[in-house]
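Colleague: Pasting a structure below so you can have a look.
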4 protein chains.
Amino acid sequence: MTHINQMLEAYPKDLGEVNQQKLADCIAACFECAQTCTACADACLSEDMVAELTKCIRTNADCADICATTGNVLSRHTGYDANLTRSIVETCRMACKSCANECEQHAEMHKHCSVCAEACRRCEQACAELIDSLG
Amino acid sequence: MTHINQMLEAYPKDLGEVNQQKLADCIAACFECAQTCTACADACLSEDMVAELTKCIRTNADCADICATTGNVLSRHTGYDANLTRSIVETCRMACKSCANECEQHAEMHKHCSVCAEACRRCEQACAELIDSLG
Amino acid sequence: MTHINQMLEAYPKDLGEVNQQKLADCIAACFECAQTCTACADACLSEDMVAELTKCIRTNADCADICATTGNVLSRHTGYDANLTRSIVETCRMACKSCANECEQHAEMHKHCSVCAEACRRCEQACAELIDSLG
Amino acid sequence: MTHINQMLEAYPKDLGEVNQQKLADCIAACFECAQTCTACADACLSEDMVAELTKCIRTNADCADICATTGNVLSRHTGYDANLTRSIVETCRMACKSCANECEQHAEMHKHCSVCAEACRRCEQACAELIDSLG
């Protein structure tokens, strides 16, 4: 995800007091988690036991949407709004936690849920660290 | 926005204790606000005084992303997660409030900011009412 | 969808030779179809016979994403790119046609598929008319 | 982007005749380009000469939306629709080409446009290779 750091360094104004590496890590984790959740929802759809995975598919869909939006908000720095940033990152942390909890229940049976749970935990952690660093 | 109510009525399982009309109104307001904010950001870009509207453009972009995601989350009912719903709707309320505040500063000079501020206020209000109705 | 027309009228520069009402109708149809497809995918998930609806859910998910993006692109007018506009609207028309075809197969059994098929056909038609009007 | 390959390998059914590495590369390029374009639009907004970058900002916004949607469509394999896949990837290739052309005009003056042009060219190329491999 070098491109994320390159774009942060190329931003023409001051990025403020944010921890730049934690910001970059959180952006990367959001996009990774969005892609993984979209793929996991689709993989669940193709399982013969899809009827037992409907909650997982819905949780994946929400998590994908929320992570993508959070990744977009964090990629913008003009007219920074600390309260809104904190609120969307906190919502993203919650979505990732819910999705990780759900996917972990199917992780032994379905490899895609196992991979997805890991991506969600990484993003949950990255969101938590970014929130902490915002002070 | 009849289609939103039609889809709520066609949902095959119980929608739970949610106030169905407030839910429908909030979904409609989210999609309306997303479209209006995207159009307002673009209209600001075409103003000769765009340099004075950069914060407005950014606020519009965030509000559009957050409203679209909130509209999607509220359109799903399978495996309902009350805490996550509350968190994303609260974030959406904040985004709409910020964007309305920003657009109102340009509303006398730019008609698109005036129309957008109204869409943001409607969505802010619809989010607040939905949150209240969630108990 | 008065807000869409209001924003088109508030655009500060020339909108070009586009048929403004067909553009407004297509934007409205895109956002309506995006919401309806997201709701239909979720309603399918809650059907006991979800295993027979997996193709429908996937088609809904693609159609929702493509309609939302097309609605966004059509809401922007600055630096208009005729070829790209034509290509995304044509892709949207295809997505709506595929989704309508799929939903119609379940329309007698599932009311949400019936409502969704209608939204998809409206959007397919609106895309076709906009493309024709682009000359 | 190991997670993309992991999810492709974890897909429970046959992925068909697609070239799996070209598919993974294209998904990765789409998400990278979406993030970079969103960041470039915002960086342009913060330039003192923003008035000369309005077309770039709009092109970035379209490219970001189209790449994100294409990345999502390519992450789903259930009920694969070859014509729709080809159409959205071709639209994405066009969006990336337009955005690269635009960003390259500002690449000497603005580092973010230079980085963004490279991400767009990579994604344009990845789309072209995926289309070719689809036969």
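Naming scheme: A, B, ... for chains in displayed order of the structure tokens; residues 1 onward per chain; ligands 1 onward as shown.
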Given identical sequences, can you show me chain A least-squares superposed on chain C via all its Cα atoms in order, as a CSV table (one decimal) with N, CA and C atoms, in the first residue's frame?
Modeller:
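Saved result, selection_0.csv, follows:
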```csv
chain,number,residue,atom,x,y,z
A,1,MET,N,-38.7,13.5,-6.6
A,1,MET,CA,-37.2,13.7,-6.9
A,1,MET,C,-37.0,15.2,-7.4
A,2,THR,N,-37.8,16.1,-6.8
A,2,THR,CA,-37.7,17.5,-7.1
A,2,THR,C,-36.2,18.0,-7.0
A,3,HIS,N,-35.6,17.5,-5.9
A,3,HIS,CA,-34.2,18.0,-5.6
A,3,HIS,C,-33.3,17.8,-6.8
A,4,ILE,N,-33.5,16.7,-7.6
A,4,ILE,CA,-32.6,16.5,-8.7
A,4,ILE,C,-32.7,17.6,-9.8
A,5,ASN,N,-34.0,17.9,-10.1
A,5,ASN,CA,-34.2,19.1,-11.0
A,5,ASN,C,-33.7,20.4,-10.5
A,6,GLN,N,-33.9,20.6,-9.2
A,6,GLN,CA,-33.5,21.8,-8.6
A,6,GLN,C,-32.0,22.0,-8.7
A,7,MET,N,-31.3,20.9,-8.5
A,7,MET,CA,-29.8,21.0,-8.6
A,7,MET,C,-29.3,21.2,-10.0
A,8,LEU,N,-30.0,20.5,-11.0
A,8,LEU,CA,-29.7,20.8,-12.4
A,8,LEU,C,-29.9,22.2,-12.7
A,9,GLU,N,-31.0,22.8,-12.2
A,9,GLU,CA,-31.2,24.2,-12.6
A,9,GLU,C,-30.3,25.2,-11.9
A,10,ALA,N,-29.7,24.7,-10.7
A,10,ALA,CA,-28.8,25.6,-10.0
A,10,ALA,C,-27.4,25.5,-10.4
A,11,TYR,N,-27.1,24.5,-11.4
A,11,TYR,CA,-25.7,24.4,-11.9
A,11,TYR,C,-25.3,25.7,-12.5
A,12,PRO,N,-24.1,26.2,-12.1
A,12,PRO,CA,-23.7,27.6,-12.5
A,12,PRO,C,-23.3,27.7,-13.9
A,13,LYS,N,-22.9,26.6,-14.6
A,13,LYS,CA,-22.4,26.8,-16.0
A,13,LYS,C,-23.5,26.1,-16.9
A,14,ASP,N,-23.2,26.1,-18.2
A,14,ASP,CA,-24.0,25.5,-19.2
A,14,ASP,C,-24.0,24.0,-19.1
A,15,LEU,N,-25.1,23.4,-19.1
A,15,LEU,CA,-25.2,21.9,-19.0
A,15,LEU,C,-24.9,21.3,-20.4
A,16,GLY,N,-24.7,22.0,-21.4
A,16,GLY,CA,-24.5,21.5,-22.7
A,16,GLY,C,-25.8,21.1,-23.4
A,17,GLU,N,-25.7,20.2,-24.4
A,17,GLU,CA,-26.9,19.9,-25.2
A,17,GLU,C,-27.7,18.8,-24.7
A,18,VAL,N,-27.4,18.3,-23.5
A,18,VAL,CA,-28.2,17.2,-22.9
A,18,VAL,C,-29.6,17.5,-22.7
A,19,ASN,N,-30.5,16.5,-22.9
A,19,ASN,CA,-31.9,16.7,-22.6
A,19,ASN,C,-32.1,16.6,-21.1
A,20,GLN,N,-32.4,17.8,-20.5
A,20,GLN,CA,-32.3,17.9,-19.0
A,20,GLN,C,-33.3,17.0,-18.3
A,21,GLN,N,-34.5,16.9,-18.9
A,21,GLN,CA,-35.5,16.0,-18.2
A,21,GLN,C,-35.1,14.6,-18.3
A,22,LYS,N,-34.5,14.1,-19.4
A,22,LYS,CA,-34.1,12.7,-19.5
A,22,LYS,C,-32.9,12.5,-18.5
A,23,LEU,N,-32.1,13.5,-18.4
A,23,LEU,CA,-31.0,13.3,-17.4
A,23,LEU,C,-31.5,13.2,-16.0
A,24,ALA,N,-32.4,14.1,-15.7
A,24,ALA,CA,-33.0,14.0,-14.3
A,24,ALA,C,-33.7,12.7,-14.1
A,25,ASP,N,-34.5,12.2,-15.0
A,25,ASP,CA,-35.2,11.0,-14.9
A,25,ASP,C,-34.2,9.8,-14.7
A,26,CYS,N,-33.1,9.9,-15.4
A,26,CYS,CA,-32.1,8.8,-15.3
A,26,CYS,C,-31.4,8.8,-14.0
A,27,ILE,N,-31.1,10.0,-13.5
A,27,ILE,CA,-30.5,10.1,-12.2
A,27,ILE,C,-31.4,9.5,-11.1
A,28,ALA,N,-32.7,9.9,-11.2
A,28,ALA,CA,-33.7,9.4,-10.2
A,28,ALA,C,-33.9,7.9,-10.3
A,29,ALA,N,-33.9,7.4,-11.5
A,29,ALA,CA,-34.1,6.0,-11.7
A,29,ALA,C,-32.9,5.2,-11.2
A,30,CYS,N,-31.7,5.7,-11.3
A,30,CYS,CA,-30.5,5.1,-10.8
A,30,CYS,C,-30.5,4.9,-9.3
A,31,PHE,N,-30.8,6.0,-8.6
A,31,PHE,CA,-30.8,6.0,-7.2
A,31,PHE,C,-32.0,5.1,-6.6
A,32,GLU,N,-33.1,5.2,-7.3
A,32,GLU,CA,-34.2,4.3,-6.9
A,32,GLU,C,-33.9,2.8,-7.1
A,33,CYS,N,-33.2,2.5,-8.2
A,33,CYS,CA,-32.9,1.1,-8.5
A,33,CYS,C,-31.8,0.6,-7.6
A,34,ALA,N,-30.8,1.5,-7.3
A,34,ALA,CA,-29.8,1.1,-6.3
A,34,ALA,C,-30.4,0.7,-5.0
A,35,GLN,N,-31.3,1.5,-4.5
A,35,GLN,CA,-31.9,1.2,-3.2
A,35,GLN,C,-32.8,0.0,-3.3
A,36,THR,N,-33.5,-0.2,-4.3
A,36,THR,CA,-34.4,-1.3,-4.4
A,36,THR,C,-33.6,-2.6,-4.6
A,37,CYS,N,-32.5,-2.6,-5.3
A,37,CYS,CA,-31.7,-3.8,-5.5
A,37,CYS,C,-31.0,-4.2,-4.1
A,38,THR,N,-30.6,-3.2,-3.4
A,38,THR,CA,-30.0,-3.5,-2.1
A,38,THR,C,-31.0,-4.1,-1.2
A,39,ALA,N,-32.2,-3.6,-1.2
A,39,ALA,CA,-33.3,-4.1,-0.4
A,39,ALA,C,-33.7,-5.5,-0.8
A,40,CYS,N,-33.7,-5.7,-2.2
A,40,CYS,CA,-34.2,-7.0,-2.7
A,40,CYS,C,-33.1,-8.1,-2.4
A,41,ALA,N,-31.9,-7.8,-2.5
A,41,ALA,CA,-30.8,-8.8,-2.1
A,41,ALA,C,-31.0,-9.2,-0.6
A,42,ASP,N,-31.3,-8.2,0.2
A,42,ASP,CA,-31.5,-8.5,1.6
A,42,ASP,C,-32.8,-9.3,1.9
A,43,ALA,N,-33.9,-9.0,1.2
A,43,ALA,CA,-35.1,-9.7,1.3
A,43,ALA,C,-34.9,-11.2,0.8
A,44,CYS,N,-34.2,-11.4,-0.3
A,44,CYS,CA,-33.9,-12.7,-0.8
A,44,CYS,C,-33.2,-13.5,0.3
A,45,LEU,N,-32.2,-12.9,1.0
A,45,LEU,CA,-31.5,-13.5,2.1
A,45,LEU,C,-32.4,-14.0,3.2
A,46,SER,N,-33.5,-13.4,3.4
A,46,SER,CA,-34.4,-13.8,4.5
A,46,SER,C,-35.5,-14.8,4.0
A,47,GLU,N,-35.4,-15.2,2.8
A,47,GLU,CA,-36.4,-16.2,2.3
A,47,GLU,C,-35.9,-17.6,2.7
A,48,ASP,N,-36.8,-18.5,3.1
A,48,ASP,CA,-36.4,-19.8,3.4
A,48,ASP,C,-35.7,-20.5,2.3
A,49,MET,N,-36.1,-20.2,1.1
A,49,MET,CA,-35.5,-20.8,-0.1
A,49,MET,C,-34.4,-20.0,-0.7
A,50,VAL,N,-33.6,-19.4,0.2
A,50,VAL,CA,-32.5,-18.5,-0.2
A,50,VAL,C,-31.5,-19.3,-1.1
A,51,ALA,N,-31.4,-20.6,-1.0
A,51,ALA,CA,-30.5,-21.3,-1.8
A,51,ALA,C,-30.8,-21.3,-3.3
A,52,GLU,N,-32.1,-21.0,-3.6
A,52,GLU,CA,-32.5,-20.9,-5.0
A,52,GLU,C,-32.4,-19.4,-5.5
A,53,LEU,N,-32.0,-18.5,-4.6
A,53,LEU,CA,-32.0,-17.1,-5.0
A,53,LEU,C,-30.6,-16.5,-5.0
A,54,THR,N,-29.6,-17.4,-5.0
A,54,THR,CA,-28.2,-16.8,-4.8
A,54,THR,C,-27.8,-16.0,-6.1
A,55,LYS,N,-28.2,-16.5,-7.3
A,55,LYS,CA,-27.9,-15.7,-8.4
A,55,LYS,C,-28.6,-14.3,-8.4
A,56,CYS,N,-29.8,-14.3,-7.9
A,56,CYS,CA,-30.6,-13.1,-7.8
A,56,CYS,C,-29.9,-12.1,-6.9
A,57,ILE,N,-29.4,-12.6,-5.7
A,57,ILE,CA,-28.7,-11.8,-4.8
A,57,ILE,C,-27.4,-11.2,-5.4
A,58,ARG,N,-26.7,-12.0,-6.1
A,58,ARG,CA,-25.5,-11.4,-6.7
A,58,ARG,C,-25.8,-10.4,-7.8
A,59,THR,N,-26.8,-10.7,-8.6
A,59,THR,CA,-27.2,-9.7,-9.6
A,59,THR,C,-27.6,-8.4,-9.0
A,60,ASN,N,-28.4,-8.6,-8.0
A,60,ASN,CA,-28.9,-7.4,-7.2
A,60,ASN,C,-27.7,-6.5,-6.7
A,61,ALA,N,-26.7,-7.2,-6.2
A,61,ALA,CA,-25.5,-6.5,-5.6
A,61,ALA,C,-24.8,-5.7,-6.7
A,62,ASP,N,-24.5,-6.4,-7.8
A,62,ASP,CA,-23.8,-5.7,-8.9
A,62,ASP,C,-24.7,-4.5,-9.4
A,63,CYS,N,-26.0,-4.7,-9.6
A,63,CYS,CA,-26.8,-3.7,-10.1
A,63,CYS,C,-26.9,-2.5,-9.2
A,64,ALA,N,-26.9,-2.8,-7.9
A,64,ALA,CA,-26.9,-1.7,-6.9
A,64,ALA,C,-25.7,-0.8,-7.0
A,65,ASP,N,-24.5,-1.5,-7.0
A,65,ASP,CA,-23.2,-0.8,-7.1
A,65,ASP,C,-23.2,0.1,-8.4
A,66,ILE,N,-23.5,-0.6,-9.5
A,66,ILE,CA,-23.4,0.1,-10.8
A,66,ILE,C,-24.4,1.3,-10.9
A,67,CYS,N,-25.6,1.1,-10.4
A,67,CYS,CA,-26.6,2.2,-10.5
A,67,CYS,C,-26.1,3.4,-9.6
A,68,ALA,N,-25.6,3.1,-8.4
A,68,ALA,CA,-25.2,4.1,-7.5
A,68,ALA,C,-24.0,4.9,-8.2
A,69,THR,N,-23.1,4.2,-8.8
A,69,THR,CA,-22.0,4.9,-9.4
A,69,THR,C,-22.5,5.7,-10.6
A,70,THR,N,-23.4,5.1,-11.4
A,70,THR,CA,-23.9,5.9,-12.6
A,70,THR,C,-24.7,7.1,-12.1
A,71,GLY,N,-25.5,7.0,-11.1
A,71,GLY,CA,-26.2,8.1,-10.5
A,71,GLY,C,-25.2,9.2,-10.1
A,72,ASN,N,-24.1,8.9,-9.5
A,72,ASN,CA,-23.1,9.8,-9.1
A,72,ASN,C,-22.4,10.5,-10.4
A,73,VAL,N,-22.0,9.7,-11.3
A,73,VAL,CA,-21.4,10.3,-12.5
A,73,VAL,C,-22.3,11.2,-13.2
A,74,LEU,N,-23.6,10.9,-13.3
A,74,LEU,CA,-24.6,11.7,-14.0
A,74,LEU,C,-24.9,13.0,-13.2
A,75,SER,N,-24.6,13.0,-11.9
A,75,SER,CA,-24.8,14.2,-11.1
A,75,SER,C,-23.7,15.2,-11.2
A,76,ARG,N,-22.7,14.9,-11.9
A,76,ARG,CA,-21.5,15.8,-12.1
A,76,ARG,C,-21.5,16.3,-13.6
A,77,HIS,N,-21.2,17.6,-13.7
A,77,HIS,CA,-21.2,18.1,-15.1
A,77,HIS,C,-20.0,18.9,-15.5
A,78,THR,N,-19.1,19.2,-14.5
A,78,THR,CA,-17.9,19.8,-14.7
A,78,THR,C,-16.9,18.9,-15.5
A,79,GLY,N,-16.4,19.5,-16.6
A,79,GLY,CA,-15.4,18.7,-17.4
A,79,GLY,C,-16.1,17.4,-17.9
A,80,TYR,N,-17.3,17.6,-18.5
A,80,TYR,CA,-18.1,16.5,-19.0
A,80,TYR,C,-17.3,15.6,-20.0
A,81,ASP,N,-17.3,14.3,-19.9
A,81,ASP,CA,-16.7,13.4,-20.8
A,81,ASP,C,-17.7,12.5,-21.4
A,82,ALA,N,-18.1,12.8,-22.7
A,82,ALA,CA,-19.2,12.2,-23.4
A,82,ALA,C,-19.0,10.7,-23.5
A,83,ASN,N,-17.8,10.2,-23.8
A,83,ASN,CA,-17.5,8.8,-24.1
A,83,ASN,C,-17.7,8.0,-22.8
A,84,LEU,N,-17.1,8.6,-21.7
A,84,LEU,CA,-17.2,7.8,-20.4
A,84,LEU,C,-18.7,7.8,-19.9
A,85,THR,N,-19.4,8.9,-20.1
A,85,THR,CA,-20.8,8.9,-19.7
A,85,THR,C,-21.6,7.9,-20.5
A,86,ARG,N,-21.4,7.8,-21.8
A,86,ARG,CA,-22.1,6.8,-22.6
A,86,ARG,C,-21.7,5.4,-22.1
A,87,SER,N,-20.5,5.2,-21.8
A,87,SER,CA,-20.0,3.8,-21.4
A,87,SER,C,-20.6,3.4,-20.1
A,88,ILE,N,-20.6,4.3,-19.1
A,88,ILE,CA,-21.2,3.9,-17.8
A,88,ILE,C,-22.7,3.7,-17.9
A,89,VAL,N,-23.4,4.6,-18.6
A,89,VAL,CA,-24.8,4.5,-18.7
A,89,VAL,C,-25.2,3.2,-19.5
A,90,GLU,N,-24.4,2.9,-20.5
A,90,GLU,CA,-24.7,1.6,-21.3
A,90,GLU,C,-24.4,0.4,-20.3
A,91,THR,N,-23.4,0.5,-19.5
A,91,THR,CA,-23.1,-0.6,-18.6
A,91,THR,C,-24.3,-0.7,-17.6
A,92,CYS,N,-24.8,0.4,-17.1
A,92,CYS,CA,-25.9,0.4,-16.2
A,92,CYS,C,-27.2,-0.2,-16.8
A,93,ARG,N,-27.4,0.2,-18.1
A,93,ARG,CA,-28.5,-0.4,-18.8
A,93,ARG,C,-28.4,-1.9,-18.8
A,94,MET,N,-27.2,-2.4,-19.1
A,94,MET,CA,-27.0,-3.9,-19.1
A,94,MET,C,-27.3,-4.5,-17.8
A,95,ALA,N,-26.8,-3.9,-16.7
A,95,ALA,CA,-26.9,-4.4,-15.4
A,95,ALA,C,-28.4,-4.4,-15.0
A,96,CYS,N,-29.1,-3.4,-15.3
A,96,CYS,CA,-30.6,-3.3,-15.0
A,96,CYS,C,-31.3,-4.4,-15.8
A,97,LYS,N,-31.0,-4.6,-17.0
A,97,LYS,CA,-31.6,-5.6,-17.8
A,97,LYS,C,-31.4,-7.0,-17.3
A,98,SER,N,-30.2,-7.3,-16.9
A,98,SER,CA,-29.9,-8.6,-16.3
A,98,SER,C,-30.6,-8.8,-15.0
A,99,CYS,N,-30.6,-7.8,-14.2
A,99,CYS,CA,-31.3,-7.9,-12.9
A,99,CYS,C,-32.8,-8.0,-13.1
A,100,ALA,N,-33.4,-7.3,-14.0
A,100,ALA,CA,-34.8,-7.4,-14.3
A,100,ALA,C,-35.1,-8.8,-14.7
A,101,ASN,N,-34.3,-9.3,-15.7
A,101,ASN,CA,-34.6,-10.7,-16.2
A,101,ASN,C,-34.5,-11.7,-15.0
A,102,GLU,N,-33.6,-11.5,-14.2
A,102,GLU,CA,-33.4,-12.5,-13.0
A,102,GLU,C,-34.6,-12.3,-12.1
A,103,CYS,N,-34.9,-11.1,-11.7
A,103,CYS,CA,-36.0,-10.9,-10.7
A,103,CYS,C,-37.3,-11.3,-11.2
A,104,GLU,N,-37.5,-11.1,-12.5
A,104,GLU,CA,-38.8,-11.5,-13.1
A,104,GLU,C,-39.1,-13.0,-13.0
A,105,GLN,N,-38.1,-13.8,-12.9
A,105,GLN,CA,-38.2,-15.2,-12.7
A,105,GLN,C,-38.8,-15.6,-11.4
A,106,HIS,N,-38.6,-14.7,-10.4
A,106,HIS,CA,-39.1,-15.0,-9.0
A,106,HIS,C,-40.3,-14.0,-8.7
A,107,ALA,N,-40.8,-13.3,-9.6
A,107,ALA,CA,-41.7,-12.2,-9.3
A,107,ALA,C,-43.0,-12.7,-8.8
A,108,GLU,N,-43.5,-13.9,-9.4
A,108,GLU,CA,-44.8,-14.4,-8.9
A,108,GLU,C,-44.7,-14.9,-7.5
A,109,MET,N,-43.5,-15.4,-7.1
A,109,MET,CA,-43.4,-16.0,-5.8
A,109,MET,C,-43.0,-15.0,-4.7
A,110,HIS,N,-42.2,-14.0,-5.2
A,110,HIS,CA,-41.7,-13.0,-4.2
A,110,HIS,C,-42.0,-11.6,-4.6
A,111,LYS,N,-42.8,-11.0,-3.8
A,111,LYS,CA,-43.2,-9.6,-4.1
A,111,LYS,C,-42.0,-8.7,-4.2
A,112,HIS,N,-41.0,-8.8,-3.4
A,112,HIS,CA,-39.8,-7.9,-3.5
A,112,HIS,C,-39.1,-8.1,-4.8
A,113,CYS,N,-39.1,-9.3,-5.4
A,113,CYS,CA,-38.5,-9.4,-6.8
A,113,CYS,C,-39.4,-8.8,-7.8
A,114,SER,N,-40.7,-8.8,-7.6
A,114,SER,CA,-41.6,-8.1,-8.5
A,114,SER,C,-41.4,-6.6,-8.5
A,115,VAL,N,-41.3,-6.0,-7.3
A,115,VAL,CA,-41.1,-4.6,-7.2
A,115,VAL,C,-39.7,-4.2,-7.8
A,116,CYS,N,-38.7,-5.1,-7.5
A,116,CYS,CA,-37.4,-4.8,-7.9
A,116,CYS,C,-37.3,-4.9,-9.5
A,117,ALA,N,-37.9,-5.9,-10.0
A,117,ALA,CA,-37.9,-6.0,-11.5
A,117,ALA,C,-38.5,-4.7,-12.2
A,118,GLU,N,-39.5,-4.2,-11.5
A,118,GLU,CA,-40.1,-2.9,-12.1
A,118,GLU,C,-39.1,-1.8,-12.0
A,119,ALA,N,-38.4,-1.6,-10.9
A,119,ALA,CA,-37.4,-0.6,-10.7
A,119,ALA,C,-36.3,-0.7,-11.7
A,120,CYS,N,-35.9,-2.0,-11.9
A,120,CYS,CA,-34.8,-2.3,-12.9
A,120,CYS,C,-35.2,-1.9,-14.3
A,121,ARG,N,-36.5,-2.3,-14.7
A,121,ARG,CA,-37.0,-2.0,-16.0
A,121,ARG,C,-37.1,-0.5,-16.2
A,122,ARG,N,-37.5,0.3,-15.2
A,122,ARG,CA,-37.6,1.7,-15.3
A,122,ARG,C,-36.2,2.3,-15.6
A,123,CYS,N,-35.2,1.8,-14.8
A,123,CYS,CA,-33.9,2.3,-15.0
A,123,CYS,C,-33.3,1.9,-16.3
A,124,GLU,N,-33.5,0.7,-16.7
A,124,GLU,CA,-33.0,0.2,-18.0
A,124,GLU,C,-33.6,1.2,-19.1
A,125,GLN,N,-34.9,1.5,-19.0
A,125,GLN,CA,-35.5,2.4,-20.0
A,125,GLN,C,-34.9,3.8,-19.9
A,126,ALA,N,-34.8,4.3,-18.7
A,126,ALA,CA,-34.3,5.6,-18.5
A,126,ALA,C,-32.8,5.7,-19.1
A,127,CYS,N,-32.0,4.7,-18.9
A,127,CYS,CA,-30.7,4.7,-19.4
A,127,CYS,C,-30.7,4.7,-21.0
A,128,ALA,N,-31.6,3.8,-21.5
A,128,ALA,CA,-31.7,3.7,-23.0
A,128,ALA,C,-32.1,5.1,-23.6
A,129,GLU,N,-33.1,5.8,-22.9
A,129,GLU,CA,-33.5,7.1,-23.5
A,129,GLU,C,-32.5,8.1,-23.3
A,130,LEU,N,-31.7,8.1,-22.2
A,130,LEU,CA,-30.6,9.1,-22.1
A,130,LEU,C,-29.6,8.8,-23.1
A,131,ILE,N,-29.2,7.6,-23.4
A,131,ILE,CA,-28.2,7.3,-24.4
A,131,ILE,C,-28.7,7.8,-25.8
A,132,ASP,N,-29.9,7.5,-26.1
A,132,ASP,CA,-30.4,8.0,-27.4
A,132,ASP,C,-30.4,9.5,-27.5
A,133,SER,N,-30.7,10.2,-26.4
A,133,SER,CA,-30.7,11.6,-26.4
A,133,SER,C,-29.3,12.2,-26.5
A,134,LEU,N,-28.3,11.4,-26.2
A,134,LEU,CA,-26.9,11.9,-26.3
A,134,LEU,C,-26.5,12.0,-27.7
A,135,GLY,N,-27.3,11.4,-28.6
A,135,GLY,CA,-27.0,11.6,-30.1
A,135,GLY,C,-26.0,10.5,-30.6
```
Colleague: Using the chain letters and numbers from this document, which residues of chain B does DSSP assign to helix (DSSP H, G or I), as a ChimeraX atom specification?
Modeller: /B:2-10,20-45,50-52,54-74,82-104,111-133
